[in-house]
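Below is one structure; the comments refer to it alone.
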Amino acid sequence: MARQMSTVLLRPGMILGRSLYDARGRVLLQRGMMIREQYIQTIRNMFASIYIEDELSAGIDLVETVPVEVRLTVEQTLSRQWEHWEQHASFERLTLQPGFARGIREQMKTLLRIISDTTVIREDLAAIASFDNGTYVHSMNVAIYAMMLGHALRLPDSLLVDLGIGAMLHDVGKLWVPVDVINKNGPLTATETAMMQRHAEWGHHVLSRQTELSYLVAHCAYQHHERLNGSGYPRGLTGDEMHQFGKILAVVDVYDAMVMHRPYRPGFPPADVMEYLFSRAATEYDLDLVSLFSQKVAMYPIGATVELSDRTNALVVRIHDNVPSRPVVLVVKGPDGERVEPWEVDLCQQLNLTITRSHATVVIKSID
Ligand SMILES: [Fe+2]
């Protein structure tokens, strides 16, 4: 029973609706705890949005696509390998940690079993990330989205496992991009952009030498920034030259990167990012993949706040399997901003109403 809220709006006395974890997977604050004045700045420094429990959130049951224990195990496997590579200076002789390949394969099989039972991703996966564990959460989210798409395309399980591993490791080349370029908050210079873009080649260079991994894994790193019309990098491949995994990763990587919150900007609302992908489908992104993706991921996740076309504000309560873009919502504020006795509206039944806006910060501000 919880709803999503921007941390800008946190006030003492609010009740946490979902536990908060640090980058090492330790619980920072347990679900159900009251937020004290002294926690607020720390929470804001780490998270852009959290879930709270209040009288408005009664009846909103959050879903957890991937159980937190599974997520943390996978993220820790990745972070251990990442640290192992960071400590080894010789770029030419990088190896996998003993047991990494077997471990990640087993973990991707577990993820595949979960995904096979998931019709739509109903939660905001970006909300899980704190600013300091963004890389691992992003890799995990990209793996979840890529496997959802691959599963919907009915790819065989062995390929889906390789796709998952490739998604987990797609950005590994960033380890060899200077930290000040990676963490720069402003626009990159031409030299910095060139340095940043090398990560695709470096990822391929390192991964293609690991005999325990499929060569497809290296191609996930190599091709995830290629675009159908040849405008991507590093090789400027066109659609017919790209591997299917490259096309899948291009869609899901950009989606997750845009919805993720950064310390210097909030994430874009999922519906806006989906719109962006559709506007570039057929030129940069595969239209069939974008279209399939839009049926597999809720544009308005459970617990999000939305504005309806009659100018009422509502919370997303449930999401239909077949039409994720028209959820069941709970109207909590009237058109003039007044609190109302909440009532449920199923947007699949009430076809004259549409969602006009969903922006965590702006809309939620008008509710609280
Ligand atoms: Fe990348």
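Identifiers in this document derive from the order of the structure tokens: chains are assigned A, B, ..., residues are numbered from 1 separately in each chain, and ligands are numbered from 1 in order of occurrence.
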
(Q) Show me which residues line ligand 1, defined as having an atom within 7 Å of a ligand atom where only C-alpha atoms and all ligand atoms count, and present them as a count of residues only. (A) 6

Q) In stretch 34-177 of chain A, what's helix (DSSP H, G or I) per DSSP? Answer as a PyMOL selection string? A) chain A and resi 37-46+55-57+68-86+91-93+100-116+125-128+131-152+157-168+172-176

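The residue that comes closest to A:Asp288, out of A:His88, A:Lys247, A:His320, A:His204 and on the basis of only C-alpha atoms, is A:Lys247.
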
Q) Could you work out how far atom CA of A:Ile165 lies from atom CA of A:Val252, giving the answer in Å with one decimal? A)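 Those two atoms sit 14.4 Å apart.
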
Go through stretch 103-151 of chain A and flag each residue having an atom no more than 10 Å from stretch 46-65 of chain A; for those, report the closest pair of atoms plus their distance in Å to one decimal, using only C-alpha atoms, ordered by chain and rising number, as JSON lines.
```
{"residue": "A:Leu111", "atom": "CA", "partner": "A:Thr65", "partner_atom": "CA", "distance": 9.8}
{"residue": "A:Ile114", "atom": "CA", "partner": "A:Thr65", "partner_atom": "CA", "distance": 7.6}
{"residue": "A:Ile115", "atom": "CA", "partner": "A:Thr65", "partner_atom": "CA", "distance": 8.0}
{"residue": "A:Asp117", "atom": "CA", "partner": "A:Thr65", "partner_atom": "CA", "distance": 9.6}
{"residue": "A:Thr118", "atom": "CA", "partner": "A:Thr65", "partner_atom": "CA", "distance": 7.5}
{"residue": "A:Val120", "atom": "CA", "partner": "A:Thr65", "partner_atom": "CA", "distance": 9.1}
{"residue": "A:Ile121", "atom": "CA", "partner": "A:Thr65", "partner_atom": "CA", "distance": 6.6}
{"residue": "A:Arg122", "atom": "CA", "partner": "A:Val63", "partner_atom": "CA", "distance": 6.8}
{"residue": "A:Glu123", "atom": "CA", "partner": "A:Val63", "partner_atom": "CA", "distance": 6.3}
{"residue": "A:Asp124", "atom": "CA", "partner": "A:Glu64", "partner_atom": "CA", "distance": 9.6}
{"residue": "A:Leu125", "atom": "CA", "partner": "A:Thr65", "partner_atom": "CA", "distance": 8.7}
{"residue": "A:Ala126", "atom": "CA", "partner": "A:Ser49", "partner_atom": "CA", "distance": 9.2}
{"residue": "A:Ala127", "atom": "CA", "partner": "A:Ser49", "partner_atom": "CA", "distance": 6.1}
{"residue": "A:Ile128", "atom": "CA", "partner": "A:Ile50", "partner_atom": "CA", "distance": 8.2}
{"residue": "A:Ala129", "atom": "CA", "partner": "A:Phe47", "partner_atom": "CA", "distance": 7.3}
{"residue": "A:Ser130", "atom": "CA", "partner": "A:Phe47", "partner_atom": "CA", "distance": 5.0}
{"residue": "A:Phe131", "atom": "CA", "partner": "A:Met46", "partner_atom": "CA", "distance": 5.3}
{"residue": "A:Asp132", "atom": "CA", "partner": "A:Met46", "partner_atom": "CA", "distance": 7.1}
{"residue": "A:Asn133", "atom": "CA", "partner": "A:Met46", "partner_atom": "CA", "distance": 9.4}
{"residue": "A:Ile144", "atom": "CA", "partner": "A:Thr65", "partner_atom": "CA", "distance": 9.1}
```

Q.
I want to know what sits within 8 Å of stretch 329-346 of chain A, based on only C-alpha atoms, with residues of the same chain fewer than 2 positions away left out; could you give that as a list in words?
A.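 The filter keeps Leu56, Asp310, Arg311, Thr312, Asn313, Ala314, Leu315, Val316, Val317, Arg318, Arg326, Pro327, Cys348, Gln349, Gln350, Ser366 and Ile367 of chain A.
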
Q. Which polymer residues have any atom within 6 Å of an atom of A:Met34, counting only C-alpha atoms, with same-chain residues fewer than 6 positions away left out, as a ChimeraX atom specification?
A. /A:13-15

Keeping only N, CA and C atoms, write the selected residues as a short mmCIF file (atom, residue, chain, number, x, y, z; two decimals), in the first residue's frame.
```cif
data_model
loop_
_atom_site.label_atom_id
_atom_site.label_comp_id
_atom_site.auth_asym_id
_atom_site.auth_seq_id
_atom_site.Cartn_x
_atom_site.Cartn_y
_atom_site.Cartn_z
N GLY A 13 7.37 12.78 9.59
CA GLY A 13 6.11 12.13 9.98
C GLY A 13 5.54 11.25 8.90
N MET A 14 6.01 11.38 7.66
CA MET A 14 5.50 10.51 6.60
C MET A 14 5.99 9.08 6.84
N ILE A 15 5.24 8.11 6.33
CA ILE A 15 5.59 6.70 6.55
C ILE A 15 6.15 6.13 5.25
#
```

Can you list, as a CSV table (one decimal) with C-alpha atoms, in the first residue's frame, every protein, DNA or RNA residue that comes within 10 Å of A:Ser291 when you count only C-alpha atoms, leaving out same-chain residues fewer than 3 positions away?
```
chain,number,residue,atom,x,y,z
A,274,MET,CA,7.9,5.9,-25.0
A,277,LEU,CA,11.1,6.2,-29.0
A,278,PHE,CA,8.0,6.1,-31.2
A,281,ALA,CA,11.1,4.4,-34.6
A,286,ASP,CA,13.1,-0.9,-34.7
A,287,LEU,CA,9.4,0.0,-34.9
A,288,ASP,CA,8.2,-3.6,-34.1
A,294,SER,CA,5.2,-0.4,-25.2
A,295,GLN,CA,2.9,-3.4,-24.5
A,296,LYS,CA,5.3,-4.9,-22.0
```

Quick one: residues within 10 Å of A:Gln223, only C-alpha atoms counted, chain neighbours fewer than 5 positions away excluded, as a compact mmCIF listing (two decimals) with C-alpha atoms, in the first residue's frame?
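As a result, around-v3.txt now contains:
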```txt
# COMPACT_ATOMS: atom_id res chain seq x y z
CA HIS A 170 26.75 -3.82 -22.08
CA ALA A 200 31.34 0.37 -26.86
CA GLU A 201 34.60 -0.79 -28.47
CA HIS A 204 33.68 -5.56 -27.01
CA ALA A 218 30.55 -8.98 -26.59
CA GLY A 232 25.00 5.42 -34.17
CA TYR A 233 28.50 4.42 -33.06
CA PRO A 234 31.17 3.00 -33.06
CA ARG A 235 30.81 1.57 -36.58
CA GLY A 236 27.71 3.38 -37.91
CA LEU A 237 26.03 0.05 -38.70
CA MET A 242 22.87 -5.01 -36.76
CA HIS A 243 22.30 -8.15 -34.74
CA GLN A 244 18.83 -8.53 -33.22
CA PHE A 245 20.39 -8.18 -29.74
CA GLY A 246 21.89 -4.82 -30.75
CA LYS A 247 18.44 -3.60 -31.86
CA ILE A 248 16.82 -4.79 -28.63
CA LEU A 249 19.48 -3.18 -26.44
CA ALA A 250 19.30 0.10 -28.38
```

Q | All residues 12 Å or closer to stretch 42-45 of chain A, only C-alpha atoms, same chain fewer than 6 positions away omitted, as a PyMOL selection string | A | chain A and resi 5-12+16+19-22+28-29+35-36+51+130-132+261-264+266

Once you have the residues from the selection above, write them out as an mmCIF file, in the first residue's frame, restricted to N, CA and C atoms.
```
data_model
loop_
_atom_site.group_PDB
_atom_site.id
_atom_site.type_symbol
_atom_site.label_atom_id
_atom_site.label_comp_id
_atom_site.auth_asym_id
_atom_site.auth_seq_id
_atom_site.Cartn_x
_atom_site.Cartn_y
_atom_site.Cartn_z
ATOM 1 N N MET A 5 6.434 9.237 -4.577
ATOM 2 C CA MET A 5 6.488 10.670 -4.330
ATOM 3 C C MET A 5 7.906 11.194 -4.524
ATOM 4 N N SER A 6 8.004 12.387 -5.077
ATOM 5 C CA SER A 6 9.319 13.017 -5.218
ATOM 6 C C SER A 6 9.869 13.311 -3.825
ATOM 7 N N THR A 7 11.175 13.100 -3.629
ATOM 8 C CA THR A 7 11.756 13.345 -2.301
ATOM 9 C C THR A 7 11.770 14.841 -1.957
ATOM 10 N N VAL A 8 11.579 15.693 -2.966
ATOM 11 C CA VAL A 8 11.488 17.142 -2.712
ATOM 12 C C VAL A 8 10.317 17.419 -1.756
ATOM 13 N N LEU A 9 9.301 16.565 -1.846
ATOM 14 C CA LEU A 9 8.077 16.816 -1.071
ATOM 15 C C LEU A 9 8.037 16.088 0.276
ATOM 16 N N LEU A 10 9.139 15.441 0.625
ATOM 17 C CA LEU A 10 9.163 14.710 1.907
ATOM 18 C C LEU A 10 8.964 15.643 3.087
ATOM 19 N N ARG A 11 8.173 15.170 4.051
ATOM 20 C CA ARG A 11 7.993 15.938 5.287
ATOM 21 C C ARG A 11 8.130 14.990 6.476
ATOM 22 N N PRO A 12 8.600 15.508 7.622
ATOM 23 C CA PRO A 12 8.708 14.638 8.805
ATOM 24 C C PRO A 12 7.346 14.033 9.138
ATOM 25 N N LEU A 16 7.287 5.461 5.378
ATOM 26 C CA LEU A 16 7.940 4.888 4.208
ATOM 27 C C LEU A 16 7.167 3.666 3.706
ATOM 28 N N SER A 19 11.091 -0.258 1.480
ATOM 29 C CA SER A 19 12.407 -0.117 2.118
ATOM 30 C C SER A 19 13.400 0.556 1.174
ATOM 31 N N LEU A 20 14.348 1.289 1.745
ATOM 32 C CA LEU A 20 15.406 1.940 0.970
ATOM 33 C C LEU A 20 16.714 1.195 1.223
ATOM 34 N N TYR A 21 17.460 0.950 0.137
ATOM 35 C CA TYR A 21 18.737 0.223 0.235
ATOM 36 C C TYR A 21 19.878 1.115 -0.215
ATOM 37 N N ASP A 22 21.073 0.870 0.359
ATOM 38 C CA ASP A 22 22.247 1.593 -0.131
ATOM 39 C C ASP A 22 22.890 0.791 -1.258
ATOM 40 N N LEU A 28 18.684 0.789 4.433
ATOM 41 C CA LEU A 28 18.906 2.092 5.062
ATOM 42 C C LEU A 28 17.746 2.425 5.980
ATOM 43 N N LEU A 29 16.561 2.279 5.433
ATOM 44 C CA LEU A 29 15.338 2.538 6.201
ATOM 45 C C LEU A 29 14.309 1.491 5.808
ATOM 46 N N ILE A 35 9.409 8.841 8.780
ATOM 47 C CA ILE A 35 10.551 9.641 8.324
ATOM 48 C C ILE A 35 10.752 10.826 9.262
ATOM 49 N N ARG A 36 11.944 10.885 9.850
ATOM 50 C CA ARG A 36 12.259 11.968 10.789
ATOM 51 C C ARG A 36 12.946 13.101 10.051
ATOM 52 N N TYR A 51 8.641 5.729 -2.077
ATOM 53 C CA TYR A 51 7.220 5.395 -1.901
ATOM 54 C C TYR A 51 6.810 5.707 -0.472
ATOM 55 N N SER A 130 19.355 4.254 -6.189
ATOM 56 C CA SER A 130 19.849 5.450 -5.517
ATOM 57 C C SER A 130 20.910 6.029 -6.448
ATOM 58 N N PHE A 131 21.279 7.288 -6.241
ATOM 59 C CA PHE A 131 22.212 7.915 -7.173
ATOM 60 C C PHE A 131 23.545 7.162 -7.235
ATOM 61 N N ASP A 132 23.960 6.548 -6.101
ATOM 62 C CA ASP A 132 25.276 5.911 -6.118
ATOM 63 C C ASP A 132 25.269 4.453 -6.568
ATOM 64 N N HIS A 261 16.649 8.594 -12.717
ATOM 65 C CA HIS A 261 16.892 9.905 -12.110
ATOM 66 C C HIS A 261 18.391 10.132 -11.963
ATOM 67 N N ARG A 262 18.830 11.348 -12.200
ATOM 68 C CA ARG A 262 20.240 11.706 -12.019
ATOM 69 C C ARG A 262 20.310 12.787 -10.948
ATOM 70 N N PRO A 263 21.472 12.931 -10.334
ATOM 71 C CA PRO A 263 21.557 13.979 -9.305
ATOM 72 C C PRO A 263 21.247 15.360 -9.878
ATOM 73 N N TYR A 264 21.491 15.559 -11.187
ATOM 74 C CA TYR A 264 21.326 16.884 -11.783
ATOM 75 C C TYR A 264 20.024 17.050 -12.562
ATOM 76 N N PRO A 266 15.683 15.187 -12.780
ATOM 77 C CA PRO A 266 14.816 14.037 -12.506
ATOM 78 C C PRO A 266 14.655 13.193 -13.771
#
```
